[in-house]
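Coordinates from start_19.txt are shown below (compact mmCIF, C-alpha atoms).
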# COMPACT_ATOMS: atom_id res chain seq x y z
CA MET R 826 -11.11 64.85 51.72
CA ALA R 827 -8.36 64.36 54.28
CA ALA R 828 -4.97 63.17 53.06
CA PRO R 829 -4.03 59.60 54.08
CA ALA R 830 -1.98 59.32 57.26
CA PHE R 831 1.16 57.45 56.29
CA THR R 832 3.24 55.56 58.84
CA ALA R 833 6.38 53.45 58.60
CA LEU R 834 5.85 49.94 57.25
CA PRO R 835 5.58 47.05 59.76
CA GLY R 836 9.01 46.09 61.09
CA PHE R 837 10.59 49.41 60.04
CA ARG R 838 11.14 52.49 62.15
CA ASP R 839 11.94 56.19 62.03
CA PHE R 840 14.88 57.62 63.94
CA THR R 841 14.17 61.00 65.50
CA PRO R 842 17.21 63.17 66.27
CA ARG R 843 17.36 61.77 69.82
CA GLU R 844 17.17 58.18 68.58
CA CYS R 845 19.74 58.94 65.90
CA ALA R 846 22.09 60.27 68.58
CA ILE R 847 21.73 57.06 70.60
CA ARG R 848 22.26 54.89 67.51
CA ASN R 849 25.30 56.91 66.46
CA TYR R 850 26.77 56.57 69.95
CA LEU R 851 26.50 52.78 69.60
CA PHE R 852 28.13 52.87 66.16
CA GLU R 853 30.93 55.17 67.31
CA THR R 854 31.66 52.95 70.30
CA TRP R 855 31.78 49.84 68.10
CA ARG R 856 34.09 51.59 65.65
CA GLY R 857 36.38 52.80 68.42
CA VAL R 858 36.77 49.35 69.93
CA ALA R 859 37.28 47.65 66.56
CA ARG R 860 39.93 50.13 65.45
CA ARG R 861 41.70 49.95 68.80
CA CYS R 862 41.89 46.16 68.33
CA GLY R 863 43.46 46.53 64.89
CA TYR R 864 40.46 46.13 62.58
CA VAL R 865 39.74 48.32 59.56
CA GLU R 866 36.33 49.24 58.20
CA TYR R 867 34.91 48.12 54.87
CA GLU R 868 31.50 48.55 53.25
CA THR R 869 29.39 46.44 50.90
CA PRO R 870 26.17 47.21 48.98
CA ILE R 871 22.76 46.87 50.61
CA VAL R 872 21.49 45.18 47.42
CA GLU R 873 23.04 41.91 46.20
CA ASP R 874 22.39 39.21 43.64
CA THR R 875 19.81 36.87 45.18
CA ALA R 876 21.88 33.84 44.17
CA LEU R 877 24.49 34.88 46.74
CA TYR R 878 22.07 34.01 49.55
CA LEU R 879 20.40 31.01 47.95
CA LYS R 880 23.81 29.42 47.43
CA LYS R 881 24.89 30.15 50.99
CA SER R 882 21.97 28.75 52.91
CA GLY R 883 18.46 28.16 51.62
CA GLY R 884 16.01 26.90 54.23
CA GLU R 885 14.74 29.53 56.66
CA LEU R 886 16.82 32.39 55.31
CA SER R 887 15.61 31.94 51.74
CA SER R 888 12.01 32.41 52.92
CA GLN R 889 12.88 35.69 54.70
CA LEU R 890 14.41 37.59 51.79
CA PHE R 891 13.21 41.00 50.61
CA ARG R 892 13.57 39.80 47.03
CA PHE R 893 12.47 41.48 43.80
CA GLU R 894 13.29 41.96 40.14
CA ASP R 895 14.85 45.27 39.14
CA GLN R 896 14.15 47.19 35.93
CA GLY R 897 17.00 45.34 34.23
CA GLY R 898 15.36 41.98 34.92
CA ARG R 899 17.92 40.99 37.58
CA ASP R 900 16.85 38.92 40.60
CA ILE R 901 18.12 41.00 43.53
CA THR R 902 17.71 41.06 47.32
CA LEU R 903 18.08 43.56 50.15
CA ARG R 904 20.82 41.87 52.15
CA PRO R 905 19.57 39.82 55.13
CA GLU R 906 23.06 39.73 56.70
CA VAL R 907 26.57 41.04 56.08
CA THR R 908 28.50 37.75 56.03
CA ALA R 909 27.69 36.68 52.46
CA SER R 910 28.72 40.07 51.07
CA LEU R 911 31.93 39.87 53.09
CA ALA R 912 32.73 36.45 51.64
CA ARG R 913 32.22 37.84 48.15
CA ILE R 914 34.46 40.88 48.61
CA ILE R 915 37.16 38.83 50.34
CA ALA R 916 37.19 36.30 47.49
CA GLN R 917 37.64 39.13 45.00
CA ASN R 918 40.28 41.12 46.91
CA GLN R 919 42.09 38.92 49.44
CA ARG R 920 45.32 38.70 47.43
CA GLU R 921 45.81 42.45 47.81
CA TYR R 922 46.04 42.30 51.60
CA PRO R 923 48.54 40.70 53.99
CA LYS R 924 47.16 38.01 56.30
CA PRO R 925 45.51 37.95 58.68
CA ILE R 926 42.83 40.25 57.26
CA LYS R 927 40.97 41.97 60.10
CA TRP R 928 37.90 43.85 58.89
CA PHE R 929 34.65 45.17 60.35
CA GLU R 930 31.41 46.64 59.00
CA ILE R 931 28.31 48.14 60.58
CA GLY R 932 25.72 47.25 57.97
CA GLN R 933 22.00 47.72 57.51
CA CYS R 934 20.15 44.43 56.91
CA PHE R 935 16.60 43.34 56.06
CA ARG R 936 14.62 40.18 56.80
CA TYR R 937 11.00 39.54 55.97
CA GLU R 938 10.06 37.87 59.26
CA ARG R 939 7.53 38.51 61.98
CA PRO R 940 8.52 41.70 63.83
CA GLN R 941 9.20 41.08 67.51
CA LYS R 942 10.62 42.94 70.48
CA GLY R 943 14.19 43.92 69.77
CA ARG R 944 14.08 42.67 66.17
CA GLY R 945 12.36 44.38 63.26
CA ARG R 946 12.52 43.68 59.56
CA GLU R 947 15.24 46.31 59.28
CA PHE R 948 18.25 46.17 61.62
CA HIS R 949 21.98 46.83 61.80
CA GLN R 950 24.67 44.20 62.18
CA PHE R 951 28.14 44.81 63.66
CA ASN R 952 30.27 42.34 61.74
CA VAL R 953 33.88 41.69 62.81
CA ASP R 954 35.96 39.02 61.10
CA ILE R 955 39.45 37.58 60.79
CA PHE R 956 40.61 35.86 57.60
CA GLY R 957 43.85 33.95 57.13
CA GLU R 958 44.21 32.83 60.74
CA ALA R 959 42.55 29.63 61.85
CA GLY R 960 42.27 28.08 65.28
CA PRO R 961 41.31 28.99 68.84
CA ALA R 962 43.49 32.12 68.97
CA ALA R 963 41.37 33.85 66.33
CA ASP R 964 38.17 32.82 68.13
CA ALA R 965 39.52 34.15 71.41
CA GLU R 966 40.45 37.47 69.78
CA LEU R 967 36.94 37.97 68.42
CA ILE R 968 35.32 37.03 71.73
CA SER R 969 37.62 39.44 73.57
CA LEU R 970 36.53 42.21 71.20
CA ALA R 971 32.89 41.46 72.02
CA ILE R 972 33.70 41.71 75.72
CA GLU R 973 35.64 44.95 75.23
CA SER R 974 32.63 46.38 73.39
CA MET R 975 30.38 45.66 76.35
CA LEU R 976 32.90 47.20 78.77
CA ALA R 977 33.14 50.29 76.55
CA PHE R 978 29.39 50.78 77.01
CA GLY R 979 29.89 50.82 80.77
CA PHE R 980 28.88 47.27 81.69
CA VAL R 981 30.92 45.54 84.38
CA ALA R 982 31.57 42.00 85.55
CA GLY R 983 28.30 40.37 86.59
CA ASP R 984 26.21 42.42 84.15
CA PHE R 985 26.72 40.02 81.26
CA VAL R 986 28.28 36.74 80.22
CA VAL R 987 29.39 35.40 76.84
CA ARG R 988 27.98 31.92 76.27
CA ILE R 989 30.47 29.99 74.15
CA SER R 990 29.34 27.00 72.15
CA ASP R 991 31.65 24.10 71.29
CA ARG R 992 30.88 22.69 67.87
CA GLN R 993 33.89 20.39 67.95
CA ALA R 994 32.69 18.78 71.19
CA TRP R 995 29.40 17.90 69.48
CA ILE R 996 31.15 16.60 66.37
CA ASN R 997 33.28 14.37 68.60
CA TYR R 998 30.16 13.20 70.44
CA ALA R 999 28.21 12.49 67.25
CA THR R 1000 31.11 10.56 65.75
CA ALA R 1001 31.49 8.47 68.91
CA LYS R 1002 27.75 7.70 68.81
CA GLY R 1003 27.93 6.46 65.23
CA VAL R 1004 26.23 9.41 63.52
CA PHE R 1005 27.22 9.38 59.86
CA GLU R 1006 29.37 12.32 58.79
CA GLU R 1007 26.83 13.54 56.22
CA SER R 1008 24.13 13.55 58.94
CA ILE R 1009 26.11 15.59 61.48
CA PRO R 1010 24.81 19.00 60.22
CA ASP R 1011 21.22 17.78 60.76
CA PHE R 1012 22.14 16.51 64.22
CA LEU R 1013 23.75 19.86 65.12
CA GLY R 1014 20.59 21.63 63.97
CA ILE R 1015 18.58 19.63 66.49
CA ILE R 1016 21.01 20.44 69.30
CA ASP R 1017 20.95 24.14 68.47
CA LYS R 1018 17.16 24.25 69.04
CA ILE R 1019 17.13 21.99 72.09
CA GLU R 1020 16.04 24.80 74.44
CA ARG R 1021 13.07 25.74 72.26
CA GLU R 1022 11.88 22.35 70.98
CA LYS R 1023 8.85 20.58 72.44
CA PRO R 1024 9.99 17.55 74.52
CA ASP R 1025 8.08 14.98 72.46
CA VAL R 1026 9.32 16.41 69.16
CA LEU R 1027 12.89 16.54 70.48
CA ALA R 1028 12.73 12.92 71.61
CA GLN R 1029 11.43 11.83 68.22
CA LYS R 1030 14.16 13.69 66.34
CA LEU R 1031 16.94 12.31 68.54
CA SER R 1032 15.59 8.78 68.29
CA ALA R 1033 16.37 8.88 64.56
CA PHE R 1034 20.04 8.94 65.60
CA GLY R 1035 19.61 6.27 68.26
CA LEU R 1036 19.85 8.81 71.07
CA THR R 1037 17.64 9.83 73.98
CA THR R 1038 16.96 13.27 75.39
CA GLU R 1039 18.35 12.21 78.75
CA GLU R 1040 21.77 11.19 77.47
CA VAL R 1041 22.10 14.28 75.29
CA LYS R 1042 21.20 16.61 78.17
CA ALA R 1043 23.66 14.74 80.39
CA PHE R 1044 26.37 15.56 77.87
CA ILE R 1045 25.34 19.23 77.91
CA ALA R 1046 25.48 19.40 81.70
CA ASN R 1047 29.07 18.14 81.98
CA PRO R 1048 31.68 20.87 81.32
CA GLU R 1049 34.38 18.20 81.12
CA ASN R 1050 33.01 17.34 77.68
CA ALA R 1051 34.55 20.50 76.24
CA SER R 1052 36.94 20.01 73.36
CA ALA R 1053 40.60 20.99 73.34
CA ALA R 1054 39.67 24.00 71.19
CA TYR R 1055 37.39 25.43 73.90
CA THR R 1056 40.04 24.80 76.56
CA ALA R 1057 42.54 26.79 74.49
CA ILE R 1058 40.05 29.64 73.96
CA LYS R 1059 39.27 29.83 77.68
CA ALA R 1060 43.00 29.85 78.53
CA ASP R 1061 43.63 32.66 76.04
CA LEU R 1062 40.75 34.76 77.41
CA THR R 1063 41.89 34.13 80.98
CA ALA R 1064 45.36 35.41 80.06
CA ARG R 1065 43.70 38.56 78.68
CA GLY R 1066 41.83 39.03 81.96
CA PHE R 1067 38.48 38.04 80.47
CA GLY R 1068 38.10 34.50 81.82
CA ASP R 1069 35.28 35.45 84.19
CA TYR R 1070 33.18 36.91 81.36
CA VAL R 1071 32.68 33.63 79.51
CA GLU R 1072 31.08 30.27 80.14
CA LEU R 1073 30.74 27.06 78.15
CA ASP R 1074 27.23 26.38 76.89
CA LEU R 1075 26.84 23.10 75.01
CA SER R 1076 23.13 23.75 74.43
CA ILE R 1077 23.97 26.05 71.51
CA VAL R 1078 25.87 25.28 68.32

Rewritten as structure tokens:
Amino acid sequence: MAAPAFTALPGFRDFTPRECAIRNYLFETWRGVARRCGYVEYETPIVEDTALYLKKSGGELSSQLFRFEDQGGRDITLRPEVTASLARIIAQNQREYPKPIKWFEIGQCFRYERPQKGRGREFHQFNVDIFGEAGPAADAELISLAIESMLAFGFVAGDFVVRISDRQAWINYATAKGVFEESIPDFLGIIDKIEREKPDVLAQKLSAFGLTTEEVKAFIANPENASAAYTAIKADLTARGFGDYVELDLSIV
């Protein structure tokens, strides 16, 4: 009787030496750019307490967890992202480091979702963060690092663009339209899916806030609706020589 032919599980993949070399080139380039920009590397476990993710989000993420009970009876999860682990380690160690804290990690993550082109159930996330420095300057620094990463891979102007959202512009808009503060997160969730939502469903959801699709899309189309925070970010990036690599996109939040 022939032995069973085993293959990788759906959404997972093998890395042959050639594919490993390509992946390692990506990682090495990311590391080089991050270190050149003053960030230091950290590392967190692949397995975390499930409560860390349930507390953070719930909703869609909670249904995509690779979650199981270990032999000690603990409810644990293969991490679906790096951010929650970063928040945990920063909370435990931030007093030991001068501010701002500038860290990065290239971490393996897992999500139990339908595999699709460019996204499996196992993937790597390049996470770069600044702690202890609020405001547009920190945002501009992180965006500039993203641009420098693309340039390090050999891309040039015209090959890519960074679409920058403006959450504050939408908060200002929602407030002016009488949306209650506690309902703003739900409103932002609708805006963030505006490109993918069916027109009739979108109209119905917006009507709950007394708004129409036409007036919301008119707001999106007008770049003058950008907040002062975006204006400051764009000015900072322009001073760095990166102004032409970014554009405002109010259709994402």

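Closest to Phe837 in chain R among R:Gly897, R:Gly932, R:Thr902, R:Glu947 is R:Glu947, based on all atoms listed in the file.
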
Would you list the residues near (35.6, 49.3, 61.8) (no more than 8 Å away, in the coordinates of the file, using all atoms listed in the file) as an MDAnalysis selection string? chainID R and resid 855:857 859:860 864:867 928:931 953

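In terms of minimum interatomic distance to Glu894 in chain R, R:Val872 ranks closest within R:Ala959, R:Ile915, R:Val1004, R:Val872, counting only C-alpha atoms.
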
Could you tell me which of R:Ile1015, R:Leu886, R:Ala916, R:Ile901 comes closest to Arg936 in chain R if we count only C-alpha atoms? R:Leu886

Among listed residues R:Arg920, R:Lys1018, R:Arg992, R:Lys1030, nearest Leu1075 in chain R (using only C-alpha atoms): R:Arg992

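Distance annotation: of R:Ile989, R:Ala1051, R:Ala999, R:Leu1031, the residue with the minimal separation from Ile1077 in chain R is R:Ile989; atom set is all atoms listed in the file.
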
As an MDAnalysis selection string, please: the residues near Tyr878 in chain R (cut-off 9 Å, all atoms listed in the file, same-chain neighbours under 6 positions excluded). chainID R and resid 886:887 890 902 904:905 909

Which residues are close to Leu851 in chain R, i.e. within 10 Å by all atoms listed in the file, leaving aside same-chain residues fewer than 5 positions away? Reply as a PDB file with C-alpha atoms, in the coordinates of the input.
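After the write, out_13.pdb holds the following:
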ATOM      1  CA  CYS R 845      19.740  58.940  65.900  1.00  0.00           C
ATOM      2  CA  ALA R 846      22.090  60.270  68.580  1.00  0.00           C
ATOM      3  CA  ARG R 856      34.090  51.590  65.650  1.00  0.00           C
ATOM      4  CA  GLY R 857      36.380  52.800  68.420  1.00  0.00           C
ATOM      5  CA  SER R 974      32.630  46.380  73.390  1.00  0.00           C
ATOM      6  CA  ALA R 977      33.140  50.290  76.550  1.00  0.00           C
ATOM      7  CA  PHE R 978      29.390  50.780  77.010  1.00  0.00           C
TER       8      PHE R 978
END

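Minimum distance to Arg939 in chain R across R:Thr854, R:Asn918, R:Ser888, R:Ser1052 (counting only C-alpha atoms) occurs at R:Ser888.
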
Show which residues sit within 12 Å of range 1011-1013 of chain R, as JSON, numbers by chain. Count all atoms listed in the file, and ignore same-chain residues fewer than 4 positions away. {"R": [990, 991, 992, 993, 994, 995, 996, 997, 998, 999, 1000, 1002, 1003, 1004, 1005, 1006, 1007, 1017, 1018, 1019, 1027, 1030, 1031, 1032, 1033, 1034, 1035, 1036, 1041, 1075, 1076, 1077, 1078]}

Range 910-926 of chain R rebuilt with N, CA, C and O atoms, output as a tab-separated table (two decimals), keeping the file's coordinate frame:
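Result file is selection.tsv:
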chain	number	residue	atom	x	y	z
R	910	SER	N	28.06	39.00	51.81
R	910	SER	CA	28.72	40.07	51.07
R	910	SER	C	30.20	40.12	51.41
R	910	SER	O	31.05	40.36	50.53
R	911	LEU	N	30.53	39.90	52.67
R	911	LEU	CA	31.93	39.87	53.09
R	911	LEU	C	32.69	38.75	52.38
R	911	LEU	O	33.80	38.95	51.90
R	912	ALA	N	32.08	37.58	52.31
R	912	ALA	CA	32.73	36.45	51.64
R	912	ALA	C	33.00	36.78	50.18
R	912	ALA	O	34.05	36.45	49.63
R	913	ARG	N	32.05	37.46	49.55
R	913	ARG	CA	32.22	37.84	48.15
R	913	ARG	C	33.37	38.81	47.96
R	913	ARG	O	34.24	38.62	47.10
R	914	ILE	N	33.42	39.86	48.79
R	914	ILE	CA	34.46	40.88	48.61
R	914	ILE	C	35.84	40.33	48.99
R	914	ILE	O	36.85	40.69	48.38
R	915	ILE	N	35.89	39.44	49.97
R	915	ILE	CA	37.16	38.83	50.34
R	915	ILE	C	37.67	37.95	49.21
R	915	ILE	O	38.86	37.98	48.85
R	916	ALA	N	36.79	37.16	48.60
R	916	ALA	CA	37.19	36.30	47.49
R	916	ALA	C	37.75	37.11	46.33
R	916	ALA	O	38.68	36.67	45.64
R	917	GLN	N	37.21	38.30	46.12
R	917	GLN	CA	37.64	39.13	45.00
R	917	GLN	C	38.92	39.92	45.29
R	917	GLN	O	39.66	40.26	44.36
R	918	ASN	N	39.20	40.18	46.59
R	918	ASN	CA	40.28	41.12	46.91
R	918	ASN	C	41.35	40.60	47.87
R	918	ASN	O	42.31	41.32	48.16
R	919	GLN	N	41.22	39.37	48.35
R	919	GLN	CA	42.09	38.92	49.44
R	919	GLN	C	43.57	38.91	49.09
R	919	GLN	O	44.43	39.06	49.96
R	920	ARG	N	43.91	38.74	47.82
R	920	ARG	CA	45.32	38.70	47.43
R	920	ARG	C	46.01	40.05	47.58
R	920	ARG	O	47.24	40.13	47.59
R	921	GLU	N	45.24	41.11	47.70
R	921	GLU	CA	45.81	42.45	47.81
R	921	GLU	C	46.17	42.82	49.24
R	921	GLU	O	46.76	43.87	49.48
R	922	TYR	N	45.83	41.96	50.20
R	922	TYR	CA	46.04	42.30	51.60
R	922	TYR	C	46.87	41.23	52.31
R	922	TYR	O	46.69	40.03	52.09
R	923	PRO	N	47.79	41.67	53.20
R	923	PRO	CA	48.54	40.70	53.99
R	923	PRO	C	47.62	40.00	54.99
R	923	PRO	O	46.61	40.57	55.41
R	924	LYS	N	47.96	38.78	55.35
R	924	LYS	CA	47.16	38.01	56.30
R	924	LYS	C	47.77	38.15	57.70
R	924	LYS	O	48.99	38.28	57.84
R	925	PRO	N	46.96	38.11	58.74
R	925	PRO	CA	45.51	37.95	58.68
R	925	PRO	C	44.81	39.26	58.29
R	925	PRO	O	45.28	40.35	58.59
R	926	ILE	N	43.68	39.11	57.61
R	926	ILE	CA	42.83	40.25	57.26
R	926	ILE	C	41.85	40.46	58.41
R	926	ILE	O	41.13	39.54	58.79
